[in-house]
$ cat query-v6.cif   # mmCIF, C-alpha atoms
data_upload
loop_
_atom_site.label_atom_id
_atom_site.label_comp_id
_atom_site.auth_asym_id
_atom_site.auth_seq_id
_atom_site.Cartn_x
_atom_site.Cartn_y
_atom_site.Cartn_z
CA MET A 540 1.19 -16.85 20.03
CA THR A 541 -2.47 -17.21 20.95
CA ILE A 542 -2.52 -13.77 22.55
CA LEU A 543 -1.11 -12.20 19.37
CA ILE A 544 -3.92 -13.76 17.34
CA VAL A 545 -6.45 -12.49 19.89
CA VAL A 546 -5.02 -8.95 19.57
CA LEU A 547 -5.32 -9.16 15.77
CA VAL A 548 -8.95 -10.30 16.09
CA LEU A 549 -9.55 -7.26 18.31
CA GLY A 550 -8.18 -5.12 15.47
CA ALA A 551 -10.53 -6.88 13.06
CA PHE A 552 -13.41 -5.90 15.37
CA PHE A 553 -12.36 -2.23 15.08
CA CYS A 554 -12.58 -2.65 11.31
CA LEU A 555 -15.97 -4.30 11.70
CA TYR A 556 -17.17 -1.23 13.64
CA ARG A 557 -16.19 0.93 10.67
CA VAL A 558 -17.88 -1.46 8.23
CA LEU A 559 -21.15 -1.27 10.16
CA ARG A 560 -20.98 2.45 11.01
CA GLY A 561 -19.10 3.98 8.07
CA PRO A 562 -21.16 6.79 6.56
CA SER A 563 -20.11 6.18 2.94
CA ILE A 564 -19.47 3.21 0.68
CA PRO A 565 -15.67 3.75 0.33
CA ASP A 566 -15.38 3.83 4.14
CA ARG A 567 -16.81 0.34 4.27
CA ALA A 568 -14.70 -0.81 1.33
CA ILE A 569 -11.38 0.27 2.83
CA ALA A 570 -12.38 -1.25 6.17
CA VAL A 571 -13.12 -4.57 4.46
CA ASP A 572 -9.78 -4.39 2.64
CA ILE A 573 -7.90 -3.75 5.89
CA MET A 574 -9.84 -6.58 7.51
CA ALA A 575 -8.75 -8.96 4.75
CA VAL A 576 -5.13 -7.99 5.34
CA ILE A 577 -5.57 -8.58 9.09
CA PHE A 578 -6.92 -12.05 8.28
CA THR A 579 -3.88 -12.55 6.05
CA CYS A 580 -1.75 -11.94 9.15
CA ILE A 581 -3.84 -14.32 11.23
CA THR A 582 -3.52 -17.16 8.71
CA ALA A 583 0.24 -16.51 8.46
CA LEU A 584 0.60 -16.72 12.24
CA MET A 585 -1.43 -19.95 12.27
CA ALA A 586 0.86 -21.35 9.55
CA LEU A 587 3.81 -20.57 11.82
CA ARG A 588 2.13 -22.12 14.84
CA TYR A 589 1.09 -25.41 13.24
CA ARG A 590 3.98 -25.45 10.69
CA LEU A 591 1.56 -25.88 7.77
CA ALA A 592 2.87 -24.20 4.60
CA TYR A 593 -0.42 -24.40 2.71
CA LEU A 594 -2.07 -21.94 5.10
CA LEU A 595 0.15 -19.28 3.50
CA ASP A 596 -1.42 -20.07 0.12
CA ILE A 597 -4.69 -18.93 1.70
CA SER A 598 -2.89 -15.72 2.73
CA ILE A 599 -1.81 -15.06 -0.86
CA ALA A 600 -5.30 -15.70 -2.21
CA LEU A 601 -6.87 -13.38 0.41
CA ALA A 602 -4.43 -10.55 -0.34
CA VAL A 603 -4.94 -10.78 -4.11
CA ILE A 604 -8.75 -11.14 -4.01
CA SER A 605 -9.30 -8.24 -1.60
CA PHE A 606 -7.07 -6.09 -3.83
CA VAL A 607 -9.09 -6.89 -6.96
CA ALA A 608 -12.38 -6.29 -5.14
CA THR A 609 -11.28 -2.87 -3.90
CA LEU A 610 -10.01 -1.86 -7.34
CA ALA A 611 -13.30 -2.91 -8.92
CA LEU A 612 -15.24 -0.77 -6.45
CA ALA A 613 -12.91 2.21 -7.03
CA LYS A 614 -13.45 1.89 -10.79
CA TYR A 615 -17.20 1.76 -10.25
CA LEU A 616 -17.15 4.88 -8.06
CA SER A 617 -14.96 7.03 -10.31
CA GLY A 618 -17.47 6.86 -13.17
CA ARG A 619 -20.29 8.55 -11.26
CA SER A 620 -20.99 11.16 -8.60
CA LEU A 621 -23.39 11.68 -5.70
CA ASP A 622 -25.55 13.98 -7.84
CA ASP A 623 -26.50 11.24 -10.30
CA MET B 1133 19.04 -15.39 18.37
CA THR B 1134 17.23 -15.12 15.03
CA GLU B 1135 14.23 -16.62 16.85
CA THR B 1136 14.21 -13.70 19.30
CA ILE B 1137 14.57 -11.10 16.54
CA GLY B 1138 11.70 -12.81 14.72
CA TRP B 1139 9.51 -12.50 17.81
CA VAL B 1140 10.38 -8.79 18.11
CA PHE B 1141 9.31 -8.26 14.48
CA ILE B 1142 6.07 -10.18 14.98
CA ILE B 1143 5.08 -8.40 18.20
CA GLY B 1144 5.92 -4.99 16.72
CA GLY B 1145 3.88 -5.85 13.63
CA VAL B 1146 0.85 -6.86 15.68
CA ALA B 1147 1.11 -3.60 17.67
CA PHE B 1148 1.21 -1.49 14.48
CA ASN B 1149 -1.72 -3.43 13.02
CA LEU B 1150 -3.77 -2.71 16.13
CA LEU B 1151 -2.84 1.00 15.96
CA GLY B 1152 -3.88 1.11 12.31
CA CYS B 1153 -7.28 -0.36 13.13
CA LEU B 1154 -7.65 2.11 16.01
CA GLY B 1155 -6.90 4.90 13.53
CA LEU B 1156 -9.67 3.52 11.30
CA VAL B 1157 -12.09 4.08 14.21
CA ARG B 1158 -10.80 7.41 15.53
CA PHE B 1159 -10.03 9.63 12.54
CA PRO B 1160 -12.72 12.02 11.31
CA ASP B 1161 -13.01 11.46 7.54
CA LEU B 1162 -12.39 8.82 4.89
CA TYR B 1163 -9.10 10.25 3.63
CA ASN B 1164 -7.46 10.59 7.06
CA ARG B 1165 -8.63 7.12 7.99
CA MET B 1166 -7.11 5.76 4.81
CA GLN B 1167 -3.77 7.39 5.62
CA ALA B 1168 -3.56 5.87 9.08
CA ALA B 1169 -4.83 2.45 8.12
CA THR B 1170 -2.74 2.08 4.97
CA LYS B 1171 0.58 3.03 6.53
CA SER B 1172 0.27 1.17 9.81
CA VAL B 1173 -1.25 -1.99 8.41
CA THR B 1174 1.31 -2.22 5.60
CA LEU B 1175 4.24 -1.97 7.99
CA GLY B 1176 2.57 -4.22 10.57
CA THR B 1177 1.79 -6.99 8.09
CA CYS B 1178 5.25 -6.82 6.53
CA GLY B 1179 6.75 -6.98 10.04
CA ILE B 1180 4.77 -10.07 10.96
CA LEU B 1181 5.60 -11.87 7.71
CA PHE B 1182 9.28 -10.91 7.91
CA GLY B 1183 9.37 -12.24 11.47
CA ILE B 1184 7.91 -15.52 10.21
CA PHE B 1185 10.60 -15.62 7.51
CA LEU B 1186 13.32 -15.07 10.14
CA MET B 1187 11.97 -17.84 12.35
CA THR B 1188 11.58 -20.48 9.67
CA GLY B 1189 14.47 -19.58 7.34
CA PHE B 1190 14.47 -20.76 3.72
CA SER B 1191 11.71 -23.33 4.08
CA ALA B 1192 8.37 -23.42 2.26
CA ILE B 1193 6.77 -21.24 4.95
CA GLY B 1194 9.54 -18.61 4.94
CA ILE B 1195 9.63 -18.20 1.15
CA LYS B 1196 5.85 -17.96 0.88
CA ALA B 1197 5.88 -15.32 3.62
CA LEU B 1198 8.28 -13.26 1.49
CA VAL B 1199 5.94 -13.60 -1.52
CA VAL B 1200 3.00 -12.40 0.59
CA ILE B 1201 5.10 -9.34 1.61
CA LEU B 1202 5.40 -8.42 -2.08
CA PHE B 1203 1.65 -8.73 -2.63
CA VAL B 1204 0.79 -6.68 0.46
CA LEU B 1205 3.27 -3.94 -0.49
CA ILE B 1206 1.48 -3.58 -3.83
CA ASN B 1207 -2.03 -4.18 -2.49
CA LEU B 1208 -2.58 -1.53 0.16
CA PRO B 1209 -1.05 1.63 -1.36
CA VAL B 1210 -2.60 1.03 -4.77
CA ALA B 1211 -5.99 0.15 -3.30
CA SER B 1212 -6.07 3.26 -1.13
CA HIS B 1213 -4.90 5.43 -4.02
CA ALA B 1214 -7.60 4.10 -6.35
CA LEU B 1215 -10.29 4.28 -3.69
CA SER B 1216 -9.46 7.84 -2.62
CA ARG B 1217 -9.45 9.00 -6.24
CA GLY B 1218 -12.77 7.26 -6.86
CA SER B 1219 -14.39 8.72 -3.77
CA LEU B 1220 -13.16 12.25 -4.52
CA GLN B 1221 -14.83 12.04 -7.92
CA PHE B 1222 -17.87 10.43 -6.33
CA GLY B 1223 -18.09 13.38 -3.92
CA VAL B 1224 -17.44 11.87 -0.52
CA LYS B 1225 -17.15 14.83 1.86
CA LEU B 1226 -13.84 15.99 3.30
CA TRP B 1227 -13.63 16.77 7.02
CA ARG B 1228 -14.68 20.32 7.94
CA GLY B 1229 -11.17 21.11 9.29
CA THR B 1230 -9.74 20.65 5.80
CA ILE B 1231 -7.75 23.68 4.68
CA ARG B 1232 -7.61 23.45 0.90
CA ASP B 1233 -8.88 21.07 -1.76
CA MET B 1234 -6.99 21.76 -4.99
CA PHE B 1235 -8.32 18.63 -6.67
CA THR B 1236 -11.95 19.76 -6.74
CA GLU B 1237 -10.87 23.36 -7.47
CA ASP B 1238 -8.99 22.24 -10.55
CA ARG B 1239 -11.87 20.11 -11.76
CA GLY B 1240 -14.14 23.13 -11.36
CA GLY B 1241 -16.63 21.36 -9.15
CA ARG B 1242 -18.48 22.54 -6.04
CA SER B 1243 -16.48 22.34 -2.83
CA ILE B 1244 -16.97 19.02 -1.06
CA ILE B 1245 -15.61 20.14 2.31
CA GLU B 1246 -18.11 19.46 5.07
CA THR B 1247 -19.75 22.63 6.39
CA GLY B 1248 -22.12 21.95 9.28
CA GLU B 1249 -21.66 19.79 12.33
CA GLY B 1250 -20.83 16.48 10.74
CA GLU B 1251 -19.89 13.19 12.26
CA GLU B 1252 -16.89 13.58 14.55
CA LYS B 1253 -14.53 10.82 15.64
CA MET C 433 13.67 -7.61 -29.29
CA LYS C 434 10.15 -8.95 -28.94
CA ALA C 435 11.34 -12.53 -28.49
CA ALA C 436 13.82 -11.40 -25.83
CA LYS C 437 11.02 -9.64 -24.00
CA THR C 438 8.82 -12.75 -24.06
CA ILE C 439 11.68 -14.91 -22.79
CA CYS C 440 12.32 -12.47 -19.94
CA TYR C 441 8.67 -12.55 -18.91
CA TRP C 442 8.64 -16.33 -19.21
CA LEU C 443 11.64 -16.65 -16.91
CA GLY C 444 10.11 -14.18 -14.46
CA GLY C 445 6.81 -16.02 -14.36
CA PHE C 446 8.57 -19.34 -13.93
CA GLY C 447 10.58 -17.90 -11.03
CA VAL C 448 7.41 -16.75 -9.29
CA TRP C 449 5.91 -20.22 -9.83
CA LEU C 450 8.98 -21.83 -8.25
CA LEU C 451 8.76 -19.53 -5.23
CA LEU C 452 5.03 -20.20 -4.82
CA THR C 453 5.18 -23.99 -5.06
CA TRP C 454 8.66 -24.42 -3.56
CA SER C 455 9.06 -27.97 -4.86
CA LEU C 456 11.22 -29.49 -7.59
CA ALA C 457 8.91 -32.38 -8.53
CA PRO C 458 8.96 -32.86 -12.37
CA ALA C 459 5.18 -32.59 -12.72
CA SER C 460 5.19 -29.24 -10.90
CA LEU C 461 8.12 -27.96 -13.01
CA ILE C 462 6.46 -28.86 -16.33
CA ALA C 463 3.11 -27.38 -15.34
CA GLY C 464 4.86 -24.18 -14.23
CA ALA C 465 6.80 -23.86 -17.47
CA VAL C 466 3.65 -24.27 -19.57
CA VAL C 467 1.59 -21.81 -17.49
CA ALA C 468 4.38 -19.22 -17.48
CA LEU C 469 4.79 -19.53 -21.27
CA VAL C 470 1.06 -19.01 -21.89
CA ALA C 471 1.02 -16.02 -19.53
CA ALA C 472 4.09 -14.48 -21.20
CA LEU C 473 2.59 -14.92 -24.68
CA VAL C 474 -0.83 -13.54 -23.76
CA PHE C 475 0.07 -10.64 -21.45
CA GLY C 476 3.63 -9.88 -22.58
CA ARG C 477 2.52 -7.17 -24.98
CA ASP C 478 0.60 -5.19 -22.36
CA LEU C 479 3.34 -4.90 -19.73
CA PRO C 480 5.12 -1.55 -19.84
CA LEU C 481 8.42 -2.69 -18.35
CA ASN C 482 11.51 -2.88 -20.50
CA PRO C 483 13.15 -6.09 -19.24
CA LEU C 484 16.44 -5.50 -21.04
CA ARG C 485 17.16 -2.74 -18.53
CA LEU C 486 17.08 -5.33 -15.76
CA PHE C 487 20.66 -6.34 -16.54
CA ASN C 488 22.21 -2.97 -15.76
CA PRO C 489 24.17 -3.28 -12.46
CA VAL C 490 24.18 0.48 -11.81
CA ARG C 491 20.39 0.43 -11.50
CA TRP C 492 20.58 -2.47 -9.08
CA PHE C 493 23.05 -0.50 -6.95
CA TRP C 494 20.51 2.35 -6.67
CA VAL C 495 17.80 -0.18 -5.77
CA LEU C 496 20.01 -1.24 -2.86
CA VAL C 497 20.32 2.42 -1.80
CA TYR C 498 16.57 2.96 -2.22
CA ILE C 499 15.44 0.11 0.05
CA PRO C 500 16.98 1.33 3.37
CA VAL C 501 15.89 4.94 2.69
CA PHE C 502 12.39 3.69 2.02
CA GLY C 503 12.37 1.52 5.14
CA TYR C 504 13.53 4.45 7.29
CA MET C 505 10.78 6.70 5.91
CA VAL C 506 8.11 4.01 6.43
CA ILE C 507 9.08 3.53 10.07
CA LYS C 508 9.12 7.31 10.61
CA ALA C 509 5.64 7.50 9.02
CA ASN C 510 4.32 4.82 11.34
CA ILE C 511 5.63 6.47 14.49
CA ASP C 512 4.03 9.70 13.26
CA VAL C 513 0.68 7.96 12.70
CA ALA C 514 0.91 6.15 16.04
CA LEU C 515 1.44 9.46 17.88
CA ARG C 516 -1.52 11.02 16.07
CA VAL C 517 -3.80 8.06 16.83
CA LEU C 518 -2.87 7.93 20.51
CA SER C 519 -2.90 11.70 21.21
CA PRO C 520 -6.15 12.63 23.02
CA GLY C 521 -7.20 15.63 20.93
CA LEU C 522 -6.92 15.03 17.19
CA GLN C 523 -4.22 17.32 15.83
CA LEU C 524 -5.11 17.38 12.16
CA LYS C 525 -4.76 20.07 9.50
CA PRO C 526 -5.56 18.10 6.35
CA GLY C 527 -5.76 19.37 2.81
CA ILE C 528 -5.14 18.39 -0.81
CA VAL C 529 -2.15 20.02 -2.49
CA LYS C 530 -0.59 19.47 -5.89
CA ILE C 531 3.05 18.96 -6.74
CA ARG C 532 4.98 18.44 -9.96
CA THR C 533 7.32 15.60 -10.79
CA THR C 534 10.15 15.48 -13.29
CA LEU C 535 9.88 11.73 -13.79
CA LYS C 536 8.83 10.72 -17.30
CA SER C 537 8.09 6.99 -17.43
CA ASP C 538 4.85 5.51 -16.10
CA ILE C 539 6.51 2.90 -13.92
CA ALA C 540 8.75 5.47 -12.21
CA ARG C 541 5.70 7.65 -11.49
CA THR C 542 3.86 4.64 -10.09
CA PHE C 543 6.72 3.91 -7.73
CA LEU C 544 6.92 7.58 -6.72
CA ALA C 545 3.17 7.59 -5.95
CA ASN C 546 3.45 4.44 -3.86
CA SER C 547 6.49 5.76 -2.00
CA ILE C 548 4.66 8.99 -1.23
CA THR C 549 1.66 7.03 0.06
CA LEU C 550 3.82 5.15 2.53
CA THR C 551 5.80 8.16 3.82
CA PRO C 552 4.75 10.45 6.69
CA GLY C 553 1.36 12.08 6.45
CA THR C 554 0.83 11.95 2.71
CA LEU C 555 -1.47 10.00 0.38
CA THR C 556 -1.38 10.23 -3.42
CA VAL C 557 -4.86 10.89 -4.74
CA GLU C 558 -4.44 11.39 -8.48
CA ILE C 559 -1.73 11.52 -11.12
CA LYS C 560 -2.40 13.66 -14.18
CA ASP C 561 0.62 13.78 -16.49
CA ASP C 562 3.31 15.42 -14.34
CA LEU C 563 0.89 16.70 -11.67
CA LEU C 564 0.41 14.73 -8.48
CA TYR C 565 -2.46 15.55 -6.12
CA ILE C 566 -1.53 14.70 -2.54
CA HIS C 567 -3.77 14.46 0.53
CA TRP C 568 -1.58 15.85 3.29
CA ILE C 569 -2.55 15.24 6.90
CA GLU C 570 -0.81 18.39 8.09
CA VAL C 571 -0.52 21.05 5.40
CA ARG C 572 2.64 23.06 6.03
CA THR C 573 2.68 25.01 2.78
CA GLU C 574 0.38 25.42 -0.22
CA ASP C 575 3.11 26.45 -2.64
CA ALA C 576 3.63 23.74 -5.26
CA ALA C 577 7.44 23.84 -5.38
CA GLU C 578 7.96 24.01 -1.62
CA ALA C 579 5.39 21.28 -0.98
CA GLY C 580 7.05 19.14 -3.64
CA ARG C 581 10.41 19.48 -1.92
CA LEU C 582 8.92 18.52 1.44
CA ILE C 583 6.83 15.60 0.16
CA LYS C 584 9.08 13.96 -2.39
CA GLY C 585 12.17 14.05 -0.22
CA PRO C 586 14.98 11.91 -1.62
CA PHE C 587 12.70 9.60 -3.62
CA GLU C 588 12.48 11.42 -6.93
CA LYS C 589 16.25 11.49 -7.48
CA LEU C 590 16.69 7.83 -6.49
CA LEU C 591 13.82 6.69 -8.74
CA ALA C 592 15.18 8.71 -11.65
CA ARG C 593 18.47 6.87 -11.27
CA ILE C 594 16.73 3.50 -11.05
CA PHE C 595 14.25 3.79 -13.89
CA GLU C 596 15.44 6.46 -16.31
#
$ encode --input "query-v6.cif" --output "structure tokens"
Amino acid sequence: MTILIVVLVLGAFFCLYRVLRGPSIPDRAIAVDIMAVIFTCITALMALRYRLAYLLDISIALAVISFVATLALAKYLSGRSLDD
Amino acid sequence: MTETIGWVFIIGGVAFNLLGCLGLVRFPDLYNRMQAATKSVTLGTCGILFGIFLMTGFSAIGIKALVVILFVLINLPVASHALSRGSLQFGVKLWRGTIRDMFTEDRGGRSIIETGEGEEK
Amino acid sequence: MKAAKTICYWLGGFGVWLLLTWSLAPASLIAGAVVALVAALVFGRDLPLNPLRLFNPVRWFWVLVYIPVFGYMVIKANIDVALRVLSPGLQLKPGIVKIRTTLKSDIARTFLANSITLTPGTLTVEIKDDLLYIHWIEVRTEDAAEAGRLIKGPFEKLLARIFE
């Protein structure tokens, strides 16, 4: 169980590399979104390990909030272009 | 028995999640990265949560895991669709190996395919 | 008609509340009923779904056919992506092509776009009426009809049977 969580954190570090390096704003945005989903997995695994159901409520909130944030950024981007 | 199947689902899910994140690092442009990350991470997360459902059965944890599967299945494809559409209109460059870009052609804009030696990998 | 719609949304919202809280305490039930009623009254008008179609068993049969096909395609897509990620030289031939769809309703098109996003090597970029722009990781053909056949696969027919 612990090793699975460690592997997921490694994946989150790959995403973090893209957030820091990513040449454009959407690159960073999608990396943050993926990272939020990875954290969703981590909280779900912790809920399984400690048998705490309320940790999955945190998972739901994370999934929904990262979705709304990404949509807001997409809406912001589609109204303008690099030339502006 | 269900316990073992649950573990198989969880381990497979973690492996696909890791591959998706690796794809996020390795692929050359935003759109390819989005493809890899969206597909792998969706399947990986659903696998992990379904494994949790199998291991706990119809308890509070199992049912909530199923609800999270629904949210994730809507979240990632729609987010990547909206973000790729937004960044095409914004003018984020396509990789220089790209063959054809009918979207920008139809909008009548300048080509946004990378020309020179851009960032690779 | 309108009242039936509101009641359907109310029941749906209440069901989601029950799944989320997973308790039958009276206080939780009453709070859920009130919240679901307010949500159904406020947002019921804006939702495009026609809930009266939910009671047609033929559609539910095609949903049951759709799910395993979808699961098979998703797993195929992931093995494809895994091979691409792990192969030493990147074998990519990406491009954006356009295809046409015969689906009419918005919700069916949404499901088609999401299905395409999760199947091998394709990502829906934009929907304009019946035109779909697809980012394809390995362009095999630029012809709209041929590309449409390759990309949509079995989904379009199944979704037409489910939603239309």
$ resolve_selection --input "query-v6.cif" --expression "the PyMOL selection byres ((chain A and resi 551-566) around 7)" --output "PyMOL selection string"
(chain A and resi 547-550+567-571+574+577) or (chain B and resi 1153-1154+1156-1157+1162+1215+1219)
$ write_last_selection --input "query-v6.cif" --atoms "C-alpha atoms" --output "mmCIF file, keeping the file's coordinate frame"
data_model
loop_
_atom_site.group_PDB
_atom_site.id
_atom_site.type_symbol
_atom_site.label_atom_id
_atom_site.label_comp_id
_atom_site.auth_asym_id
_atom_site.auth_seq_id
_atom_site.Cartn_x
_atom_site.Cartn_y
_atom_site.Cartn_z
ATOM 1 C CA LEU A 547 -5.320 -9.160 15.770
ATOM 2 C CA VAL A 548 -8.950 -10.300 16.090
ATOM 3 C CA LEU A 549 -9.550 -7.260 18.310
ATOM 4 C CA GLY A 550 -8.180 -5.120 15.470
ATOM 5 C CA ARG A 567 -16.810 0.340 4.270
ATOM 6 C CA ALA A 568 -14.700 -0.810 1.330
ATOM 7 C CA ILE A 569 -11.380 0.270 2.830
ATOM 8 C CA ALA A 570 -12.380 -1.250 6.170
ATOM 9 C CA VAL A 571 -13.120 -4.570 4.460
ATOM 10 C CA MET A 574 -9.840 -6.580 7.510
ATOM 11 C CA ILE A 577 -5.570 -8.580 9.090
ATOM 12 C CA CYS B 1153 -7.280 -0.360 13.130
ATOM 13 C CA LEU B 1154 -7.650 2.110 16.010
ATOM 14 C CA LEU B 1156 -9.670 3.520 11.300
ATOM 15 C CA VAL B 1157 -12.090 4.080 14.210
ATOM 16 C CA LEU B 1162 -12.390 8.820 4.890
ATOM 17 C CA LEU B 1215 -10.290 4.280 -3.690
ATOM 18 C CA SER B 1219 -14.390 8.720 -3.770
#
$ resolve_selection --input "query-v6.cif" --expression "the PyMOL selection byres ((chain B) within 6 of (chain C))" --output "list in words"
Gly1155, Ala1168, Lys1171, Ser1172, Ala1192, Pro1209, His1213, Ser1216, Arg1217, Thr1230, Ile1231, Arg1232, Asp1233 and Met1234 of chain B
$ interface_residues --input "query-v6.cif" --of "chain A" --to "chain C" --cutoff "12 Å" --atoms "all atoms listed in the file" --output "VMD selection string"
chain A and resid 592 to 593 595 to 600 617
$ write_last_selection --input "query-v6.cif" --atoms "C-alpha atoms" --output "compact mmCIF listing (two decimals), in the coordinates of the input"
# COMPACT_ATOMS: atom_id res chain seq x y z
CA ALA A 592 2.87 -24.20 4.60
CA TYR A 593 -0.42 -24.40 2.71
CA LEU A 595 0.15 -19.28 3.50
CA ASP A 596 -1.42 -20.07 0.12
CA ILE A 597 -4.69 -18.93 1.70
CA SER A 598 -2.89 -15.72 2.73
CA ILE A 599 -1.81 -15.06 -0.86
CA ALA A 600 -5.30 -15.70 -2.21
CA SER A 617 -14.96 7.03 -10.31
$ atom_distance --input "query-v6.cif" --atom1 "atom CA of C:Ala436" --atom2 "atom CA of C:Trp449"
19.9 Å
$ resolve_selection --input "query-v6.cif" --expression "the PyMOL selection byres ((chain B) within 6 of (chain A))" --output "ChimeraX atom specification"
/B:1150,1153,1162,1193,1200,1207,1214-1215,1218,1221-1223
$ atom_distance --input "query-v6.cif" --atom1 "atom CA of B:Cys1178" --atom2 "atom CA of B:Val1210"
15.8 Å
$ residues_around --input "query-v6.cif" --residues "stretch 469-476 of chain C" --least-positions-apart "2" --cutoff "8 Å" --atoms "all atoms listed in the file" --output "list in words"
Lys437, Thr438, Ile439, Tyr441, Trp442, Gly445, Ala465, Val466, Val467, Asp478 and Leu479 of chain C
$ write_last_selection --input "query-v6.cif" --atoms "C-alpha atoms" --output "JSON list (two decimals), in the coordinates of the input"
[["chain", "number", "residue", "atom", "x", "y", "z"],
["C", 437, "LYS", "CA", 11.02, -9.64, -24.00],
["C", 438, "THR", "CA", 8.82, -12.75, -24.06],
["C", 439, "ILE", "CA", 11.68, -14.91, -22.79],
["C", 441, "TYR", "CA", 8.67, -12.55, -18.91],
["C", 442, "TRP", "CA", 8.64, -16.33, -19.21],
["C", 445, "GLY", "CA", 6.81, -16.02, -14.36],
["C", 465, "ALA", "CA", 6.80, -23.86, -17.47],
["C", 466, "VAL", "CA", 3.65, -24.27, -19.57],
["C", 467, "VAL", "CA", 1.59, -21.81, -17.49],
["C", 478, "ASP", "CA", 0.60, -5.19, -22.36],
["C", 479, "LEU", "CA", 3.34, -4.90, -19.73]]
$ atom_distance --input "query-v6.cif" --atom1 "atom CA of A:Ile542" --atom2 "atom CA of B:Val1140"
14.5 Å
$ residues_around --input "query-v6.cif" --residues "C:Lys589" --least-positions-apart "3" --cutoff "12 Å" --atoms "only C-alpha atoms" --output "mmCIF file with C-alpha atoms, keeping the file's coordinate frame"
data_model
loop_
_atom_site.group_PDB
_atom_site.id
_atom_site.type_symbol
_atom_site.label_atom_id
_atom_site.label_comp_id
_atom_site.auth_asym_id
_atom_site.auth_seq_id
_atom_site.Cartn_x
_atom_site.Cartn_y
_atom_site.Cartn_z
ATOM 1 C CA TRP C 494 20.510 2.350 -6.670
ATOM 2 C CA VAL C 495 17.800 -0.180 -5.770
ATOM 3 C CA VAL C 497 20.320 2.420 -1.800
ATOM 4 C CA TYR C 498 16.570 2.960 -2.220
ATOM 5 C CA THR C 533 7.320 15.600 -10.790
ATOM 6 C CA THR C 534 10.150 15.480 -13.290
ATOM 7 C CA LEU C 535 9.880 11.730 -13.790
ATOM 8 C CA ALA C 540 8.750 5.470 -12.210
ATOM 9 C CA ARG C 541 5.700 7.650 -11.490
ATOM 10 C CA LEU C 544 6.920 7.580 -6.720
ATOM 11 C CA ARG C 581 10.410 19.480 -1.920
ATOM 12 C CA LYS C 584 9.080 13.960 -2.390
ATOM 13 C CA GLY C 585 12.170 14.050 -0.220
ATOM 14 C CA PRO C 586 14.980 11.910 -1.620
ATOM 15 C CA ALA C 592 15.180 8.710 -11.650
ATOM 16 C CA ARG C 593 18.470 6.870 -11.270
ATOM 17 C CA ILE C 594 16.730 3.500 -11.050
ATOM 18 C CA PHE C 595 14.250 3.790 -13.890
ATOM 19 C CA GLU C 596 15.440 6.460 -16.310
#
